[in-house]
>>> print(open('run_7.csv').read())   # CSV, C-alpha atoms
chain,number,residue,atom,x,y,z
A,263,MET,CA,-160.5,81.3,201.7
A,264,ALA,CA,-159.4,78.8,199.2
A,265,GLU,CA,-162.9,77.6,198.6
A,266,GLY,CA,-164.3,80.8,197.4
A,267,LEU,CA,-161.7,81.1,194.8
A,268,ASP,CA,-162.7,78.1,192.6
A,269,GLU,CA,-165.5,80.1,190.9
A,270,ASN,CA,-163.0,82.8,190.1
A,271,ILE,CA,-160.6,80.6,188.4
A,272,LYS,CA,-161.2,80.8,184.7
A,273,PRO,CA,-159.2,79.0,182.0
A,274,ILE,CA,-156.6,81.2,180.4
A,275,SER,CA,-158.1,82.4,177.1
A,276,ALA,CA,-156.3,82.3,173.8
A,277,GLU,CA,-156.5,86.1,173.5
A,278,ASP,CA,-154.1,86.4,176.4
A,279,ASP,CA,-150.8,87.7,175.3
A,280,PHE,CA,-148.9,84.6,174.5
A,281,GLY,CA,-145.4,85.4,173.5
A,282,GLU,CA,-145.9,89.1,174.0
A,283,GLU,CA,-143.8,91.2,176.3
A,284,LYS,CA,-146.4,91.2,179.0
A,285,SER,CA,-146.8,88.1,180.9
A,286,TYR,CA,-149.8,86.1,181.8
A,287,ASN,CA,-152.4,87.6,184.0
A,288,ILE,CA,-151.8,86.1,187.4
A,289,LYS,CA,-155.5,86.3,188.2
A,290,SER,CA,-156.5,83.9,185.5
A,291,GLY,CA,-156.3,80.3,186.6
A,292,ILE,CA,-156.4,77.0,185.0
A,293,ALA,CA,-159.0,74.3,185.7
A,294,LEU,CA,-157.8,71.1,187.2
A,295,TRP,CA,-159.7,68.9,184.8
A,296,ARG,CA,-161.4,69.7,181.5
A,297,ARG,CA,-163.2,67.3,179.2
A,298,ALA,CA,-160.5,67.4,176.6
A,299,ASP,CA,-158.0,66.0,179.1
A,300,LEU,CA,-159.8,62.6,178.9
A,301,ILE,CA,-159.1,62.5,175.1
A,302,LEU,CA,-155.5,63.6,175.7
A,303,ILE,CA,-154.9,60.9,178.3
A,304,CYS,CA,-156.6,58.3,176.3
A,305,PHE,CA,-154.4,59.2,173.4
A,306,TRP,CA,-151.3,58.7,175.5
A,307,ILE,CA,-152.5,55.4,176.9
A,308,PHE,CA,-153.3,54.0,173.5
A,309,PHE,CA,-150.0,55.2,172.2
A,310,ALA,CA,-148.2,53.5,175.1
A,311,LEU,CA,-150.3,50.3,174.7
A,312,GLY,CA,-149.4,50.2,171.0
A,313,LEU,CA,-145.7,50.5,171.8
A,314,PHE,CA,-146.1,47.9,174.5
A,315,LEU,CA,-147.8,45.4,172.2
A,316,PHE,CA,-145.1,46.1,169.6
A,317,SER,CA,-142.4,45.3,172.1
A,318,ILE,CA,-144.1,42.1,173.2
A,319,PHE,CA,-144.4,41.1,169.5
A,320,ASN,CA,-140.6,41.5,169.1
A,321,ILE,CA,-139.9,38.9,171.8
A,322,LYS,CA,-139.9,35.6,170.1
A,323,ASN,CA,-140.5,32.7,172.4
A,324,ALA,CA,-139.4,30.0,170.1
A,325,ALA,CA,-136.2,31.2,168.5
A,326,GLU,CA,-134.3,28.1,167.6
A,327,ASN,CA,-130.8,29.0,168.6
A,328,PRO,CA,-130.8,32.0,171.0
A,329,LYS,CA,-127.4,33.6,171.4
A,330,LEU,CA,-126.2,36.3,173.8
A,331,GLU,CA,-124.9,39.4,172.0
A,332,ILE,CA,-123.0,42.0,173.9
A,333,LEU,CA,-122.7,45.5,172.5
A,334,ILE,CA,-120.7,48.4,173.9
A,335,GLY,CA,-122.0,51.5,172.2
A,336,ASN,CA,-122.4,50.5,168.5
A,337,GLU,CA,-119.8,47.8,168.5
A,338,ILE,CA,-120.4,44.2,169.1
A,339,TYR,CA,-118.2,43.1,172.0
A,340,GLY,CA,-118.9,39.4,171.6
A,341,GLU,CA,-121.4,36.6,170.9
A,342,TYR,CA,-121.9,33.7,173.3
A,343,GLU,CA,-123.9,30.5,173.3
A,344,LEU,CA,-126.5,30.3,176.0
A,345,SER,CA,-126.0,26.6,176.4
A,346,GLU,CA,-122.8,26.7,178.4
A,347,ASP,CA,-122.6,28.4,181.8
A,348,ARG,CA,-119.9,31.1,182.1
A,349,THR,CA,-119.2,34.5,183.4
A,350,ILE,CA,-118.1,37.3,181.0
A,351,ASN,CA,-116.1,40.4,181.9
A,352,ILE,CA,-117.4,43.2,179.7
A,353,GLY,CA,-114.7,45.8,179.6
A,354,ASP,CA,-113.9,47.0,183.2
A,355,GLY,CA,-117.3,48.1,184.2
A,356,ASN,CA,-119.6,45.1,183.9
A,357,ILE,CA,-119.7,41.4,184.6
A,358,CYS,CA,-122.5,39.2,183.3
A,359,GLU,CA,-123.3,35.6,183.9
A,360,ILE,CA,-124.8,32.9,181.8
A,361,LYS,CA,-126.5,30.2,183.8
A,362,ASN,CA,-129.0,27.6,182.8
A,363,GLY,CA,-129.7,29.3,179.5
A,364,SER,CA,-130.5,32.7,181.0
A,365,VAL,CA,-128.3,35.8,181.4
A,366,ARG,CA,-128.1,38.4,184.2
A,367,MET,CA,-125.7,41.2,185.1
A,368,THR,CA,-123.8,40.4,188.2
A,369,TYR,CA,-121.5,43.5,188.5
A,370,ALA,CA,-121.7,47.1,187.4
A,371,ASP,CA,-119.5,50.0,188.5
A,372,CYS,CA,-122.1,52.6,187.7
A,373,PRO,CA,-123.9,54.4,190.5
A,374,ASP,CA,-127.5,53.5,189.8
A,375,LYS,CA,-127.1,49.7,189.4
A,376,THR,CA,-130.3,49.5,187.4
A,377,CYS,CA,-129.0,46.6,185.3
A,378,LEU,CA,-128.2,44.5,188.3
A,379,HIS,CA,-131.9,44.7,189.3
A,380,SER,CA,-133.2,43.8,185.8
A,381,ARG,CA,-134.7,40.4,185.5
A,382,GLU,CA,-132.9,37.6,183.8
A,383,ILE,CA,-133.2,37.3,180.1
A,384,SER,CA,-133.4,34.2,178.0
A,385,LYS,CA,-135.7,34.8,175.0
A,386,ALA,CA,-134.8,36.4,171.7
A,387,GLY,CA,-135.6,40.1,171.7
A,388,GLU,CA,-135.1,40.6,175.4
A,389,SER,CA,-132.2,42.8,176.7
A,390,ILE,CA,-130.5,44.2,179.7
A,391,VAL,CA,-129.1,47.7,179.3
A,392,CYS,CA,-126.5,49.5,181.4
A,393,LEU,CA,-127.0,53.0,180.2
A,394,PRO,CA,-124.0,54.7,182.0
A,395,ASN,CA,-121.5,52.2,180.5
A,396,HIS,CA,-123.3,52.0,177.2
A,397,VAL,CA,-123.5,48.2,177.5
A,398,VAL,CA,-126.3,46.3,176.0
A,399,LEU,CA,-126.9,42.5,176.6
A,400,LYS,CA,-129.2,41.3,173.9
A,401,ILE,CA,-130.5,37.8,173.1
A,402,THR,CA,-130.7,37.2,169.4
A,403,GLY,CA,-132.5,34.3,167.8
A,404,GLY,CA,-131.1,32.4,164.9
A,405,SER,CA,-133.7,33.7,162.6
A,406,ASP,CA,-133.4,37.4,163.0
A,407,ARG,CA,-129.7,37.6,162.6
A,408,GLU,CA,-130.1,38.4,158.8
A,409,ILE,CA,-132.6,41.2,159.6
A,410,ASP,CA,-130.1,42.7,162.0
A,411,THR,CA,-127.2,42.7,159.5
A,412,VAL,CA,-129.4,44.1,156.8
A,413,ALA,CA,-130.5,46.9,159.1
A,414,GLU,CA,-127.0,47.8,160.0
B,124,MET,CA,-161.8,90.7,188.0
B,125,GLU,CA,-162.5,92.8,184.9
B,126,ALA,CA,-160.2,95.5,186.1
B,127,GLY,CA,-157.3,93.2,186.5
B,128,LYS,CA,-158.0,91.4,183.2
B,129,ASN,CA,-155.5,93.2,181.1
B,130,LYS,CA,-153.2,94.4,183.8
B,131,SER,CA,-150.7,92.0,184.9
B,132,TYR,CA,-150.0,91.8,188.6
B,133,SER,CA,-147.2,94.1,189.8
B,134,TYR,CA,-145.1,91.2,191.0
B,135,ILE,CA,-144.5,90.2,187.4
B,136,GLU,CA,-144.2,93.6,185.8
B,137,ASN,CA,-142.1,93.2,182.8
B,138,ASN,CA,-139.4,95.8,183.6
B,139,GLY,CA,-139.4,95.3,187.3
B,140,ASN,CA,-136.7,94.0,189.5
B,141,LYS,CA,-139.4,92.0,191.2
B,142,ARG,CA,-139.8,90.0,188.0
B,143,VAL,CA,-136.1,89.2,188.0
B,144,ALA,CA,-136.2,88.3,191.7
B,145,LEU,CA,-139.2,86.1,191.2
B,146,LEU,CA,-137.7,84.3,188.3
B,147,ALA,CA,-134.5,83.8,190.3
B,148,MET,CA,-136.5,82.4,193.2
B,149,LEU,CA,-138.4,80.0,190.9
B,150,THR,CA,-135.1,78.8,189.4
B,151,ALA,CA,-133.6,78.3,192.9
B,152,LEU,CA,-136.8,76.4,193.9
B,153,ALA,CA,-136.6,74.3,190.7
B,154,ILE,CA,-133.0,73.3,191.6
B,155,LEU,CA,-133.8,72.6,195.2
B,156,ILE,CA,-136.9,70.6,194.6
B,157,GLY,CA,-134.9,68.1,192.7
B,158,TYR,CA,-132.9,67.5,195.9
B,159,VAL,CA,-136.0,67.3,198.0
B,160,GLU,CA,-137.3,64.7,195.5
B,161,SER,CA,-134.2,62.6,196.0
B,162,LEU,CA,-135.0,62.5,199.7
B,163,ILE,CA,-138.4,60.9,199.1
B,164,PRO,CA,-137.8,57.1,199.2
B,165,LEU,CA,-139.7,56.3,196.1
B,166,ASN,CA,-137.4,54.0,194.2
B,167,PHE,CA,-138.4,53.0,190.7
B,168,SER,CA,-136.0,50.4,189.4
B,169,ILE,CA,-136.3,51.8,185.8
B,170,PRO,CA,-133.9,54.4,184.6
B,171,GLY,CA,-135.5,57.7,183.8
B,172,VAL,CA,-138.6,57.2,186.0
B,173,LYS,CA,-139.0,59.7,188.7
B,174,LEU,CA,-141.6,61.8,190.3
B,175,GLY,CA,-140.6,65.0,188.4
B,176,LEU,CA,-141.5,67.5,191.1
B,177,CYS,CA,-139.4,70.1,189.2
B,178,ASN,CA,-142.3,70.2,186.8
B,179,ILE,CA,-144.4,72.0,189.4
B,180,VAL,CA,-142.1,75.0,189.2
B,181,ILE,CA,-141.8,74.8,185.4
B,182,LEU,CA,-145.6,74.7,185.1
B,183,ILE,CA,-146.1,77.5,187.5
B,184,THR,CA,-143.5,79.6,185.6
B,185,LEU,CA,-145.2,78.7,182.3
B,186,ILE,CA,-148.6,79.8,183.6
B,187,MET,CA,-147.4,83.0,185.4
B,188,PHE,CA,-145.0,84.1,182.8
B,189,SER,CA,-144.6,82.5,179.3
B,190,TRP,CA,-142.8,79.7,177.6
B,191,LYS,CA,-139.7,81.9,177.4
B,192,GLU,CA,-139.3,82.3,181.1
B,193,ALA,CA,-140.1,78.6,181.6
B,194,LEU,CA,-137.4,77.7,179.1
B,195,LEU,CA,-134.9,79.9,180.9
B,196,VAL,CA,-135.7,78.4,184.3
B,197,SER,CA,-135.6,74.9,182.9
B,198,ILE,CA,-132.2,75.3,181.1
B,199,ILE,CA,-130.6,77.0,184.1
B,200,ARG,CA,-131.8,74.3,186.4
B,201,ILE,CA,-130.5,71.5,184.2
B,202,LEU,CA,-127.2,73.1,183.7
B,203,VAL,CA,-126.7,73.8,187.4
B,204,VAL,CA,-127.8,70.4,188.6
B,205,GLY,CA,-125.9,68.7,185.7
B,206,LEU,CA,-122.7,70.5,186.3
B,207,LEU,CA,-122.9,70.0,190.1
B,208,PHE,CA,-124.0,66.4,190.3
B,209,GLY,CA,-124.1,64.9,186.9
B,210,ASN,CA,-122.2,64.5,183.7
B,211,VAL,CA,-122.6,65.4,180.0
B,212,PHE,CA,-124.9,62.5,179.4
B,213,SER,CA,-127.2,63.3,182.3
B,214,ILE,CA,-127.4,66.9,181.1
B,215,ALA,CA,-128.2,65.7,177.6
B,216,TYR,CA,-130.9,63.3,178.8
B,217,SER,CA,-132.7,65.8,181.1
B,218,MET,CA,-132.3,68.6,178.6
B,219,ALA,CA,-134.0,66.6,175.8
B,220,GLY,CA,-136.8,65.5,178.2
B,221,ALA,CA,-137.4,68.9,179.6
B,222,LEU,CA,-137.4,70.7,176.3
B,223,LEU,CA,-139.8,68.2,174.7
B,224,ALA,CA,-142.1,68.3,177.8
B,225,LEU,CA,-142.0,72.1,177.8
B,226,CYS,CA,-142.8,72.3,174.1
B,227,ILE,CA,-145.8,70.0,174.6
B,228,MET,CA,-147.0,71.8,177.7
B,229,ALA,CA,-146.7,75.2,176.2
B,230,LEU,CA,-148.6,74.1,173.1
B,231,LEU,CA,-151.4,72.5,175.1
B,232,LEU,CA,-151.6,75.5,177.3
B,233,ARG,CA,-152.0,77.7,174.3
B,234,ILE,CA,-154.6,75.5,172.7
B,235,ASP,CA,-156.6,76.3,175.8
B,236,ARG,CA,-158.8,73.2,175.9
B,237,PHE,CA,-156.9,71.3,178.6
B,238,GLY,CA,-156.9,71.3,182.4
B,239,MET,CA,-153.9,71.1,184.7
B,240,ILE,CA,-153.9,67.3,184.9
B,241,GLY,CA,-154.0,66.9,181.1
B,242,ILE,CA,-151.1,69.3,180.6
B,243,SER,CA,-149.0,67.9,183.3
B,244,ALA,CA,-149.6,64.3,182.4
B,245,SER,CA,-148.6,65.0,178.8
B,246,GLY,CA,-145.5,66.8,180.1
B,247,GLY,CA,-144.6,63.8,182.1
B,248,ALA,CA,-145.1,61.4,179.2
B,249,SER,CA,-143.2,63.5,176.7
B,250,HIS,CA,-140.4,64.0,179.1
B,251,GLY,CA,-139.8,60.2,179.0
B,252,ILE,CA,-139.9,60.2,175.2
B,253,GLY,CA,-137.4,63.0,175.0
B,254,GLN,CA,-135.0,61.2,177.3
B,255,LEU,CA,-135.4,58.0,175.4
B,256,LEU,CA,-134.7,59.7,172.0
B,257,VAL,CA,-131.3,60.8,173.3
B,258,ALA,CA,-130.7,57.4,174.8
B,259,LYS,CA,-131.5,55.8,171.5
B,260,ALA,CA,-129.2,58.2,169.7
B,261,VAL,CA,-126.4,57.3,172.0
B,262,LEU,CA,-127.2,53.6,172.1
B,263,PRO,CA,-128.9,52.4,168.9
B,264,ALA,CA,-129.3,48.9,170.3
B,265,LEU,CA,-131.6,50.1,173.0
B,266,PRO,CA,-135.1,48.5,172.7
B,267,PHE,CA,-137.2,51.6,172.1
B,268,ALA,CA,-140.8,50.5,172.2
B,269,GLY,CA,-140.7,48.6,175.5
B,270,TYR,CA,-139.0,51.4,177.4
B,271,ALA,CA,-141.2,54.0,175.7
B,272,SER,CA,-144.4,52.4,176.8
B,273,ILE,CA,-143.2,52.1,180.4
B,274,LEU,CA,-141.9,55.7,180.5
B,275,ILE,CA,-145.2,57.0,179.0
B,276,PHE,CA,-147.3,55.1,181.6
B,277,THR,CA,-145.3,56.1,184.5
B,278,GLY,CA,-145.0,59.7,183.2
B,279,LEU,CA,-148.8,59.9,182.9
B,280,LEU,CA,-149.2,58.7,186.5
B,281,THR,CA,-146.6,61.0,188.0
B,282,GLY,CA,-147.8,63.8,185.7
B,283,CYS,CA,-151.3,63.5,187.2
B,284,VAL,CA,-149.9,63.8,190.7
B,285,VAL,CA,-147.7,66.7,189.7
B,286,GLY,CA,-150.7,68.4,188.0
B,287,LEU,CA,-152.8,68.0,191.1
B,288,ILE,CA,-150.1,69.5,193.3
B,289,THR,CA,-149.5,72.3,190.8
B,290,TYR,CA,-153.2,73.1,190.8
B,291,GLU,CA,-153.3,73.4,194.6
B,292,ILE,CA,-150.2,75.5,194.7
B,293,HIS,CA,-151.3,77.8,191.9
B,294,LYS,CA,-154.7,78.3,193.6
B,295,ARG,CA,-153.0,79.3,196.8
B,296,LEU,CA,-150.5,81.5,194.9
B,297,LEU,CA,-153.5,83.3,193.3
B,298,ASN,CA,-155.0,83.9,196.6
B,299,LEU,CA,-151.8,85.2,198.0
B,300,MET,CA,-151.2,87.6,195.2
B,301,ILE,CA,-154.7,89.0,194.6
>>> encode(input="run_7.csv", output="structure tokens")
Amino acid sequence: MAEGLDENIKPISAEDDFGEEKSYNIKSGIALWRRADLILICFWIFFALGLFLFSIFNIKNAAENPKLEILIGNEIYGEYELSEDRTINIGDGNICEIKNGSVRMTYADCPDKTCLHSREISKAGESIVCLPNHVVLKITGGSDREIDTVAE
Amino acid sequence: MEAGKNKSYSYIENNGNKRVALLAMLTALAILIGYVESLIPLNFSIPGVKLGLCNIVILITLIMFSWKEALLVSIIRILVVGLLFGNVFSIAYSMAGALLALCIMALLLRIDRFGMIGISASGGASHGIGQLLVAKAVLPALPFAGYASILIFTGLLTGCVVGLITYEIHKRLLNLMI
């Protein structure tokens, strides 16, 4: 029953009443795959690859003096050296920990706990985000501080 | 086939109560399918990444009716789900994602060059971008590019799956209604 239908399925044509009061003809179908899809998906993949490479570029491996910057919303909550181990309470909702030069979130009161599962960050440009609490942990290098202040 | 070309099927007659009933059913289905999705133990540890089964209903509505009805179903679904289980922010995120995805999908459908998988995958990818734009507005410190690339990749993958499911459902729906 379903097999015989494939021949009947035709792509919806542009003449079909788009935006008119009458709705689409139920009998016209849409092909599963058409050649233009390949172009479309390639476009998305290249777009995503570009963004990915851009984000990789932004992580600087050899920043001289990486610091941990904690932001709640737009405001800077505090800046901390990565060299000394410590735990920091961020408001009531989050607790993060600096250990051996890398930072991780150890407590969050939000339901999804995504930030707890994020990997540790230690390089300039990396960050951990707790979206429900609007908390961003960000490693900043000594060199891009100026850029940040200019941008703000 | 030719006879039915310009005549829409009676189920979706414009003035009919059946149309209202069908739209209400689709809306209810869209709301419910989000719950069904939460039962599937597919846990991505990245916020904003999910299967997006609701898109099946939205796509079917978009194809059977028009972008107006799809918009209606989409907005009602987000408001109901958001008011019941979420908060203002979750409504804002999903609203932005859904609206952008719907825009893109309606446009691609109208261009009439693309198949179900292409349309659905683009919907999935743009859904992630829409969400991220709101997140970026709320939280300017958010690293945009890294998240965007992840959301686009996963959106493409889940969009392909959703497109395949939608194609099969739509095929059977056609059979049922002819």
>>> closest_residue(input="run_7.csv", among="B:Ala229, B:Met239, B:Leu280, B:Leu265", to="A:Ser317", atoms="all atoms listed in the file")
B:Leu265
>>> closest_residue(input="run_7.csv", among="A:Ile303, A:Ile352, A:Cys358, A:Ala370", to="chain B", atoms="all atoms listed in the file")
A:Ile303
>>> atom_distance(input="run_7.csv", atom1="atom CA of B:Leu162", atom2="atom CA of B:Leu176")
11.9 Å
>>> interface_residues(input="run_7.csv", of="chain B", to="chain A", cutoff="6 Å", atoms="all atoms listed in the file", output="count of residues only")
12
>>> residues_around(input="run_7.csv", residues="stretch 338-343 of chain A", least_positions_apart="3", cutoff="9 Å", atoms="all atoms listed in the file", output="short mmCIF file (atom, residue, chain, number, x, y, z; two decimals) with C-alpha atoms, in the frame of the given file")
data_model
loop_
_atom_site.label_atom_id
_atom_site.label_comp_id
_atom_site.auth_asym_id
_atom_site.auth_seq_id
_atom_site.Cartn_x
_atom_site.Cartn_y
_atom_site.Cartn_z
CA ASN A 327 -130.80 29.00 168.60
CA PRO A 328 -130.80 32.00 171.00
CA LYS A 329 -127.40 33.60 171.40
CA LEU A 330 -126.20 36.30 173.80
CA GLU A 331 -124.90 39.40 172.00
CA ILE A 332 -123.00 42.00 173.90
CA LEU A 333 -122.70 45.50 172.50
CA ILE A 334 -120.70 48.40 173.90
CA GLY A 335 -122.00 51.50 172.20
CA GLU A 346 -122.80 26.70 178.40
CA ASP A 347 -122.60 28.40 181.80
CA ILE A 352 -117.40 43.20 179.70
CA GLY A 353 -114.70 45.80 179.60
CA ILE A 360 -124.80 32.90 181.80
CA GLY A 363 -129.70 29.30 179.50
#
>>> residues_around(input="run_7.csv", residues="A:Asn362", least_positions_apart="3", cutoff="10 Å", atoms="only C-alpha atoms", output="number ranges by chain")
A: 344-348, 359, 365, 384
>>> residues_around(input="run_7.csv", residues="stretch 244-254 of chain B", least_positions_apart="3", cutoff="9 Å", atoms="all atoms listed in the file", output="ChimeraX atom specification")
/A:302-303,306 /B:171-172,174-175,178,215-228,231,239-241,257-259,270-271,273-286
>>> write_last_selection(input="run_7.csv", atoms="C-alpha atoms", output="mmCIF file, in the coordinates of the input")
data_model
loop_
_atom_site.group_PDB
_atom_site.id
_atom_site.type_symbol
_atom_site.label_atom_id
_atom_site.label_comp_id
_atom_site.auth_asym_id
_atom_site.auth_seq_id
_atom_site.Cartn_x
_atom_site.Cartn_y
_atom_site.Cartn_z
ATOM 1 C CA LEU A 302 -155.500 63.600 175.700
ATOM 2 C CA ILE A 303 -154.900 60.900 178.300
ATOM 3 C CA TRP A 306 -151.300 58.700 175.500
ATOM 4 C CA GLY B 171 -135.500 57.700 183.800
ATOM 5 C CA VAL B 172 -138.600 57.200 186.000
ATOM 6 C CA LEU B 174 -141.600 61.800 190.300
ATOM 7 C CA GLY B 175 -140.600 65.000 188.400
ATOM 8 C CA ASN B 178 -142.300 70.200 186.800
ATOM 9 C CA ALA B 215 -128.200 65.700 177.600
ATOM 10 C CA TYR B 216 -130.900 63.300 178.800
ATOM 11 C CA SER B 217 -132.700 65.800 181.100
ATOM 12 C CA MET B 218 -132.300 68.600 178.600
ATOM 13 C CA ALA B 219 -134.000 66.600 175.800
ATOM 14 C CA GLY B 220 -136.800 65.500 178.200
ATOM 15 C CA ALA B 221 -137.400 68.900 179.600
ATOM 16 C CA LEU B 222 -137.400 70.700 176.300
ATOM 17 C CA LEU B 223 -139.800 68.200 174.700
ATOM 18 C CA ALA B 224 -142.100 68.300 177.800
ATOM 19 C CA LEU B 225 -142.000 72.100 177.800
ATOM 20 C CA CYS B 226 -142.800 72.300 174.100
ATOM 21 C CA ILE B 227 -145.800 70.000 174.600
ATOM 22 C CA MET B 228 -147.000 71.800 177.700
ATOM 23 C CA LEU B 231 -151.400 72.500 175.100
ATOM 24 C CA MET B 239 -153.900 71.100 184.700
ATOM 25 C CA ILE B 240 -153.900 67.300 184.900
ATOM 26 C CA GLY B 241 -154.000 66.900 181.100
ATOM 27 C CA VAL B 257 -131.300 60.800 173.300
ATOM 28 C CA ALA B 258 -130.700 57.400 174.800
ATOM 29 C CA LYS B 259 -131.500 55.800 171.500
ATOM 30 C CA TYR B 270 -139.000 51.400 177.400
ATOM 31 C CA ALA B 271 -141.200 54.000 175.700
ATOM 32 C CA ILE B 273 -143.200 52.100 180.400
ATOM 33 C CA LEU B 274 -141.900 55.700 180.500
ATOM 34 C CA ILE B 275 -145.200 57.000 179.000
ATOM 35 C CA PHE B 276 -147.300 55.100 181.600
ATOM 36 C CA THR B 277 -145.300 56.100 184.500
ATOM 37 C CA GLY B 278 -145.000 59.700 183.200
ATOM 38 C CA LEU B 279 -148.800 59.900 182.900
ATOM 39 C CA LEU B 280 -149.200 58.700 186.500
ATOM 40 C CA THR B 281 -146.600 61.000 188.000
ATOM 41 C CA GLY B 282 -147.800 63.800 185.700
ATOM 42 C CA CYS B 283 -151.300 63.500 187.200
ATOM 43 C CA VAL B 284 -149.900 63.800 190.700
ATOM 44 C CA VAL B 285 -147.700 66.700 189.700
ATOM 45 C CA GLY B 286 -150.700 68.400 188.000
#
>>> closest_residue(input="run_7.csv", among="B:Leu296, B:Pro170, B:Ile234, B:Leu182", to="B:Leu255", atoms="only C-alpha atoms")
B:Pro170
>>> residues_near_point(input="run_7.csv", point="(-141.1, 83.2, 182.8)", cutoff="8 Å", atoms="all atoms listed in the file", output="PyMOL selection string")
(chain A and resi 285) or (chain B and resi 146+184-185+187-196)
>>> atom_distance(input="run_7.csv", atom1="atom CA of B:Ile186", atom2="atom CA of B:Ile292")
12.0 Å
